[in-house]
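target00.cif follows; it contains mmCIF, C-alpha atoms, pLDDT in the B column; chains and numbers go by the auth columns.
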data_work
#
loop_
_atom_site.group_PDB
_atom_site.id
_atom_site.type_symbol
_atom_site.label_atom_id
_atom_site.label_comp_id
_atom_site.label_asym_id
_atom_site.label_seq_id
_atom_site.Cartn_x
_atom_site.Cartn_y
_atom_site.Cartn_z
_atom_site.B_iso_or_equiv
_atom_site.auth_seq_id
_atom_site.auth_asym_id
ATOM 1 C CA SER A 1 -14.565 -12.603 -5.510 80.00 1 A
ATOM 2 C CA VAL A 2 -16.057 -9.123 -5.271 78.00 2 A
ATOM 3 C CA PRO A 3 -14.544 -6.757 -7.888 89.00 3 A
ATOM 4 C CA PHE A 4 -14.084 -3.048 -7.325 93.00 4 A
ATOM 5 C CA VAL A 5 -13.054 -1.481 -10.635 94.00 5 A
ATOM 6 C CA ILE A 6 -11.352 1.901 -10.805 93.00 6 A
ATOM 7 C CA CYS A 7 -11.782 3.520 -14.218 93.00 7 A
ATOM 8 C CA SER A 8 -8.657 4.215 -16.271 93.00 8 A
ATOM 9 C CA HIS A 9 -6.988 7.598 -15.716 94.00 9 A
ATOM 10 C CA THR A 10 -8.692 8.095 -12.338 94.00 10 A
ATOM 11 C CA THR A 11 -6.966 9.480 -9.266 92.00 11 A
ATOM 12 C CA LEU A 12 -8.473 8.767 -5.851 90.00 12 A
ATOM 13 C CA THR A 13 -7.416 11.503 -3.458 87.00 13 A
ATOM 14 C CA GLY A 14 -7.958 12.594 0.094 72.00 14 A
ATOM 15 C CA GLY A 15 -7.271 15.917 1.709 63.00 15 A
ATOM 16 C CA TRP A 16 -3.827 16.536 3.190 60.00 16 A
ATOM 17 C CA ARG A 17 -5.345 16.066 6.655 64.00 17 A
ATOM 18 C CA ASP A 18 -7.264 12.950 5.604 66.00 18 A
ATOM 19 C CA THR A 19 -4.901 10.311 6.940 68.00 19 A
ATOM 20 C CA ALA A 20 -7.388 7.467 7.443 82.00 20 A
ATOM 21 C CA PRO A 21 -6.592 4.587 5.074 88.00 21 A
ATOM 22 C CA ILE A 22 -9.091 2.550 3.094 90.00 22 A
ATOM 23 C CA PHE A 23 -9.758 -0.323 5.524 93.00 23 A
ATOM 24 C CA ILE A 24 -10.275 -3.764 3.985 95.00 24 A
ATOM 25 C CA ASN A 25 -11.514 -6.481 6.330 96.00 25 A
ATOM 26 C CA ALA A 26 -13.479 -8.969 4.201 96.00 26 A
ATOM 27 C CA PRO A 27 -12.314 -11.931 2.104 96.00 27 A
ATOM 28 C CA ASP A 28 -12.048 -12.316 -1.666 97.00 28 A
ATOM 29 C CA ILE A 29 -12.017 -8.682 -2.795 96.00 29 A
ATOM 30 C CA VAL A 30 -10.381 -7.544 -6.036 96.00 30 A
ATOM 31 C CA ILE A 31 -9.484 -3.870 -6.527 96.00 31 A
ATOM 32 C CA GLU A 32 -8.251 -3.235 -10.045 95.00 32 A
ATOM 33 C CA CYS A 33 -7.551 -0.582 -12.626 95.00 33 A
ATOM 34 C CA GLY A 34 -10.014 -1.240 -15.449 92.00 34 A
ATOM 35 C CA GLN A 35 -11.977 -4.443 -15.902 85.00 35 A
ATOM 36 C CA GLY A 36 -9.618 -7.380 -15.415 80.00 36 A
ATOM 37 C CA GLY A 37 -6.782 -5.007 -14.522 77.00 37 A
ATOM 38 C CA THR A 38 -6.401 -3.877 -18.152 82.00 38 A
ATOM 39 C CA GLY A 39 -6.763 -0.156 -17.416 87.00 39 A
ATOM 40 C CA LYS A 40 -4.038 2.479 -17.287 91.00 40 A
ATOM 41 C CA GLY A 41 -3.348 5.469 -15.075 92.00 41 A
ATOM 42 C CA CYS A 42 -5.169 4.519 -11.850 95.00 42 A
ATOM 43 C CA ILE A 43 -3.624 6.368 -8.916 94.00 43 A
ATOM 44 C CA VAL A 44 -4.328 6.450 -5.189 93.00 44 A
ATOM 45 C CA ASP A 45 -2.816 9.701 -3.877 91.00 45 A
ATOM 46 C CA ARG A 46 -3.506 10.346 -0.190 84.00 46 A
ATOM 47 C CA GLY A 47 -1.709 12.135 2.625 79.00 47 A
ATOM 48 C CA GLY A 48 -1.805 9.332 5.203 83.00 48 A
ATOM 49 C CA SER A 49 -1.666 5.610 4.580 89.00 49 A
ATOM 50 C CA HIS A 50 -3.409 4.269 1.478 91.00 50 A
ATOM 51 C CA MET A 51 -4.808 0.951 2.690 94.00 51 A
ATOM 52 C CA SER A 52 -5.003 -1.025 5.904 94.00 52 A
ATOM 53 C CA PHE A 53 -5.911 -4.708 6.100 96.00 53 A
ATOM 54 C CA GLY A 54 -7.829 -6.437 8.888 95.00 54 A
ATOM 55 C CA PRO A 55 -7.744 -10.071 10.071 94.00 55 A
ATOM 56 C CA TYR A 56 -10.482 -11.163 7.619 96.00 56 A
ATOM 57 C CA ALA A 57 -8.740 -9.658 4.570 97.00 57 A
ATOM 58 C CA ARG A 58 -7.812 -12.926 2.864 97.00 58 A
ATOM 59 C CA GLY A 59 -7.666 -13.625 -0.844 97.00 59 A
ATOM 60 C CA ILE A 60 -7.372 -9.904 -1.607 97.00 60 A
ATOM 61 C CA VAL A 61 -5.970 -8.869 -5.011 97.00 61 A
ATOM 62 C CA ILE A 62 -4.894 -5.291 -5.781 97.00 62 A
ATOM 63 C CA ARG A 63 -4.093 -4.925 -9.481 96.00 63 A
ATOM 64 C CA GLY A 64 -2.607 -2.214 -11.720 96.00 64 A
ATOM 65 C CA ILE A 65 -2.612 0.717 -9.285 96.00 65 A
ATOM 66 C CA THR A 66 0.021 3.368 -8.558 95.00 66 A
ATOM 67 C CA PHE A 67 0.177 4.421 -4.904 94.00 67 A
ATOM 68 C CA ARG A 68 1.578 7.907 -4.317 92.00 68 A
ATOM 69 C CA GLY A 69 1.887 10.509 -1.576 87.00 69 A
ATOM 70 C CA ALA A 70 1.515 8.452 1.635 86.00 70 A
ATOM 71 C CA ARG A 71 3.255 10.033 4.608 83.00 71 A
ATOM 72 C CA THR A 72 2.779 7.194 7.117 83.00 72 A
ATOM 73 C CA THR A 73 3.434 3.997 5.067 87.00 73 A
ATOM 74 C CA SER A 74 1.331 3.147 2.008 89.00 74 A
ATOM 75 C CA GLN A 75 0.028 -0.314 2.988 92.00 75 A
ATOM 76 C CA VAL A 76 -0.449 -1.217 6.653 92.00 76 A
ATOM 77 C CA PHE A 77 -0.940 -4.681 8.182 92.00 77 A
ATOM 78 C CA TYR A 78 -1.645 -4.180 11.900 89.00 78 A
ATOM 79 C CA TYR A 79 -3.744 -7.339 12.251 91.00 79 A
ATOM 80 C CA ASP A 80 -2.750 -11.005 12.013 91.00 80 A
ATOM 81 C CA ASP A 81 -3.627 -13.385 9.177 93.00 81 A
ATOM 82 C CA ALA A 82 -4.285 -11.000 6.277 96.00 82 A
ATOM 83 C CA GLU A 83 -3.360 -12.312 2.821 97.00 83 A
ATOM 84 C CA VAL A 84 -2.973 -9.789 0.009 97.00 84 A
ATOM 85 C CA THR A 85 -1.556 -10.006 -3.503 97.00 85 A
ATOM 86 C CA PHE A 86 -0.363 -6.911 -5.370 96.00 86 A
ATOM 87 C CA GLU A 87 -0.074 -7.353 -9.142 96.00 87 A
ATOM 88 C CA ASP A 88 1.388 -4.804 -11.578 95.00 88 A
ATOM 89 C CA CYS A 89 1.379 -2.067 -8.910 95.00 89 A
ATOM 90 C CA SER A 90 3.904 0.682 -8.254 94.00 90 A
ATOM 91 C CA TRP A 91 4.731 3.057 -5.424 93.00 91 A
ATOM 92 C CA GLU A 92 6.074 6.600 -5.865 91.00 92 A
ATOM 93 C CA ALA A 93 6.917 9.442 -3.476 86.00 93 A
ATOM 94 C CA ASN A 94 5.715 7.742 -0.296 85.00 94 A
ATOM 95 C CA GLY A 95 7.119 8.457 3.133 80.00 95 A
ATOM 96 C CA SER A 96 7.085 6.779 6.499 78.00 96 A
ATOM 97 C CA ILE A 97 7.480 7.500 10.177 75.00 97 A
ATOM 98 C CA GLY A 98 10.283 6.069 12.269 72.00 98 A
ATOM 99 C CA ARG A 99 11.483 2.684 11.099 71.00 99 A
ATOM 100 C CA THR A 100 8.394 1.633 9.170 76.00 100 A
ATOM 101 C CA GLY A 101 8.648 0.982 5.449 78.00 101 A
ATOM 102 C CA ALA A 102 7.396 3.611 3.008 83.00 102 A
ATOM 103 C CA VAL A 103 5.602 0.965 0.918 87.00 103 A
ATOM 104 C CA VAL A 104 4.531 -1.756 3.383 89.00 104 A
ATOM 105 C CA ASP A 105 4.579 -2.162 7.158 87.00 105 A
ATOM 106 C CA ILE A 106 3.623 -5.787 7.827 86.00 106 A
ATOM 107 C CA ASN A 107 3.370 -7.960 10.901 84.00 107 A
ATOM 108 C CA SER A 108 5.082 -11.335 10.850 79.00 108 A
ATOM 109 C CA VAL A 109 1.902 -13.435 10.569 86.00 109 A
ATOM 110 C CA SER A 110 0.285 -11.807 7.523 91.00 110 A
ATOM 111 C CA THR A 111 1.189 -12.738 3.954 92.00 111 A
ATOM 112 C CA VAL A 112 1.856 -10.271 1.135 93.00 112 A
ATOM 113 C CA TYR A 113 2.729 -11.193 -2.451 94.00 113 A
ATOM 114 C CA PHE A 114 4.197 -8.784 -5.003 94.00 114 A
ATOM 115 C CA ASN A 115 3.841 -9.895 -8.638 95.00 115 A
ATOM 116 C CA ARG A 116 5.405 -7.613 -11.287 95.00 116 A
ATOM 117 C CA CYS A 117 5.435 -4.629 -8.895 93.00 117 A
ATOM 118 C CA ASP A 118 7.861 -1.719 -8.491 90.00 118 A
ATOM 119 C CA ALA A 119 8.480 -0.847 -4.840 84.00 119 A
ATOM 120 C CA SER A 120 11.909 0.710 -5.345 81.00 120 A
ATOM 121 C CA GLU A 121 13.334 2.570 -2.361 74.00 121 A
ATOM 122 C CA ALA A 122 14.800 5.174 -4.724 72.00 122 A
ATOM 123 C CA LYS A 123 11.274 6.251 -5.738 77.00 123 A
ATOM 124 C CA GLN A 124 10.194 6.980 -2.148 77.00 124 A
ATOM 125 C CA ILE A 125 10.719 10.134 -0.075 75.00 125 A
ATOM 126 C CA PRO A 126 14.135 10.179 1.672 67.00 126 A
ATOM 127 C CA ARG A 127 13.897 9.863 5.447 57.00 127 A
ATOM 128 C CA GLN A 128 15.023 12.791 7.499 55.00 128 A
ATOM 129 C CA ASN A 129 17.877 11.738 9.723 50.00 129 A
ATOM 130 C CA THR A 130 18.824 14.713 11.874 43.00 130 A
ATOM 131 C CA LYS A 131 22.349 13.453 12.550 48.00 131 A
ATOM 132 C CA PHE A 132 23.399 12.606 9.012 46.00 132 A
ATOM 133 C CA GLY A 133 21.044 14.468 6.651 46.00 133 A
ATOM 134 C CA GLY A 134 18.433 12.790 4.451 46.00 134 A
ATOM 135 C CA SER A 135 18.719 9.097 3.748 48.00 135 A
ATOM 136 C CA PHE A 136 16.662 6.361 2.156 49.00 136 A
ATOM 137 C CA GLY A 137 15.043 3.821 4.417 57.00 137 A
ATOM 138 C CA SER A 138 13.641 0.459 3.593 70.00 138 A
ATOM 139 C CA SER A 139 10.507 0.266 1.438 79.00 139 A
ATOM 140 C CA ILE A 140 9.254 -2.708 3.444 78.00 140 A
ATOM 141 C CA SER A 141 9.278 -3.258 7.208 77.00 141 A
ATOM 142 C CA ILE A 142 8.385 -6.505 8.967 78.00 142 A
ATOM 143 C CA ARG A 143 7.612 -6.582 12.678 73.00 143 A
ATOM 144 C CA LYS A 144 6.418 -9.103 15.252 70.00 144 A
#
Encoding of this model in structure tokens:
Amino acid sequence: SVPFVICSHTTLTGGWRDTAPIFINAPDIVIECGQGGTGKGCIVDRGGSHMSFGPYARGIVIRGITFRGARTTSQVFYYDDAEVTFEDCSWEANGSIGRTGAVVDINSVSTVYFNRCDASEAKQIPRQNTKFGGSFGSSISIRK
């Protein structure tokens, strides 16, 4: 696998208008906080989506990262056949558009594993429902 190590206590940001996600479309990539995922305080804080996975994104491991501030779903799976494992990750203050999940919007033929992760709906931004006031939506959406 190809490791990409984010140093402890590092925040990766994009401008408020920078809505393009990090696009991963190659197999066997590991993105982790500290060597071996032993770091602390690694944050991805972007205004759009955080990551998007293509059809060749198989055997991907994302480890020890907090994802914050997405406004259009944190992790997006538009393509078929991706396989991604999240380990020890958390999501905070993410939003979504329409009926998509604030944490993950996945198609029905990709595979996503969550190991020791916190994707609580209560930690995401409440959806704005014009008829009934703010409300929480689902953190995860699955579509055909």
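Distances from A:Arg63, A:Arg68, A:Arg58, A:Arg116 to Glu83 (chain A) were compared using only C-alpha atoms, and the smallest one belongs to A:Arg58.
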Residues picked by the PyMOL selection byres ((chain A and resi 34-42) around 10) here, as a ChimeraX atom specification? /A:3-12,30-33,43-45,62-67,87-89
State, in Å with one decimal place, the distance from CA of Asp28 (chain A) to CA of His50 (chain A).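 Between CA of Asp28 (chain A) and CA of His50 (chain A) the gap works out to 19.0 Å.
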Mind telling me what the PyMOL selection byres ((chain A and resi 112) around 9) catches here, as a ChimeraX atom specification? /A:82-86,106,110-111,113-114
Given only C-alpha atoms as the basis, pick out the residue of A:Thr13, A:Asn107, A:Ser138, A:Ser1 nearest to Ser52 (chain A).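 Smallest separation from Ser52 (chain A) among the options: A:Asn107.
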Report as an mmCIF file with C-alpha atoms, in the coordinates of the input the residues that result from applying the PyMOL selection byres ((chain A and resi 51) around 10) to the structure here.
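Printed below is expr_2.cif as written:
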data_model
loop_
_atom_site.group_PDB
_atom_site.id
_atom_site.type_symbol
_atom_site.label_atom_id
_atom_site.label_comp_id
_atom_site.auth_asym_id
_atom_site.auth_seq_id
_atom_site.Cartn_x
_atom_site.Cartn_y
_atom_site.Cartn_z
ATOM 1 C CA ALA A 20 -7.388 7.467 7.443
ATOM 2 C CA PRO A 21 -6.592 4.587 5.074
ATOM 3 C CA ILE A 22 -9.091 2.550 3.094
ATOM 4 C CA PHE A 23 -9.758 -0.323 5.524
ATOM 5 C CA ILE A 24 -10.275 -3.764 3.985
ATOM 6 C CA VAL A 44 -4.328 6.450 -5.189
ATOM 7 C CA ARG A 46 -3.506 10.346 -0.190
ATOM 8 C CA GLY A 48 -1.805 9.332 5.203
ATOM 9 C CA SER A 49 -1.666 5.610 4.580
ATOM 10 C CA HIS A 50 -3.409 4.269 1.478
ATOM 11 C CA SER A 52 -5.003 -1.025 5.904
ATOM 12 C CA PHE A 53 -5.911 -4.708 6.100
ATOM 13 C CA PHE A 67 0.177 4.421 -4.904
ATOM 14 C CA ALA A 70 1.515 8.452 1.635
ATOM 15 C CA THR A 73 3.434 3.997 5.067
ATOM 16 C CA SER A 74 1.331 3.147 2.008
ATOM 17 C CA GLN A 75 0.028 -0.314 2.988
ATOM 18 C CA VAL A 76 -0.449 -1.217 6.653
ATOM 19 C CA PHE A 77 -0.940 -4.681 8.182
ATOM 20 C CA VAL A 104 4.531 -1.756 3.383
#
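Across the model, the gap from CA of Ala119 (chain A) to CA of Trp91 (chain A) is 5.4 Å.
Straight-line separation from CA of Ile125 (chain A) to CA of Ala102 (chain A): 7.9 Å.
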Would you list the contacts of Gln124 (chain A) as an NGL selection string, taking every protein, DNA or RNA residue within 9 Å and counting all atoms listed in the file, but skipping same-chain residues closer than 6 positions in sequence? :A and (68 or 91-95 or 102-103 or 136-137 or 139)
Report the centre and edge lengths, in Å to one decimal, of an axis-aligned box enclosing every atom of region 68-81 of chain A listed in the file, padded by 8 Å on each side, as lines of an AutoDock Vina configuration file.
center_x = -0.2
center_y = -1.4
center_z = 4.0
size_x = 23.2
size_y = 39.9
size_z = 32.6
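Among A:Ala122, A:Gly14, A:Ile142, A:Val61, the residue with the shortest atom-to-atom distance to Ile29 (chain A), counting only C-alpha atoms, is A:Val61.
Minimum atom-to-atom distances from A:Ser90, A:Asn25, A:Thr100, A:Ser108 to Ala57 (chain A) were compared using only C-alpha atoms, and the lowest value belongs to A:Asn25.
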Have a look at A:Ser96, A:Ser141, A:Ser120, A:Asn115 and name the one nearest to Gly47 (chain A); count only C-alpha atoms. A:Ser96
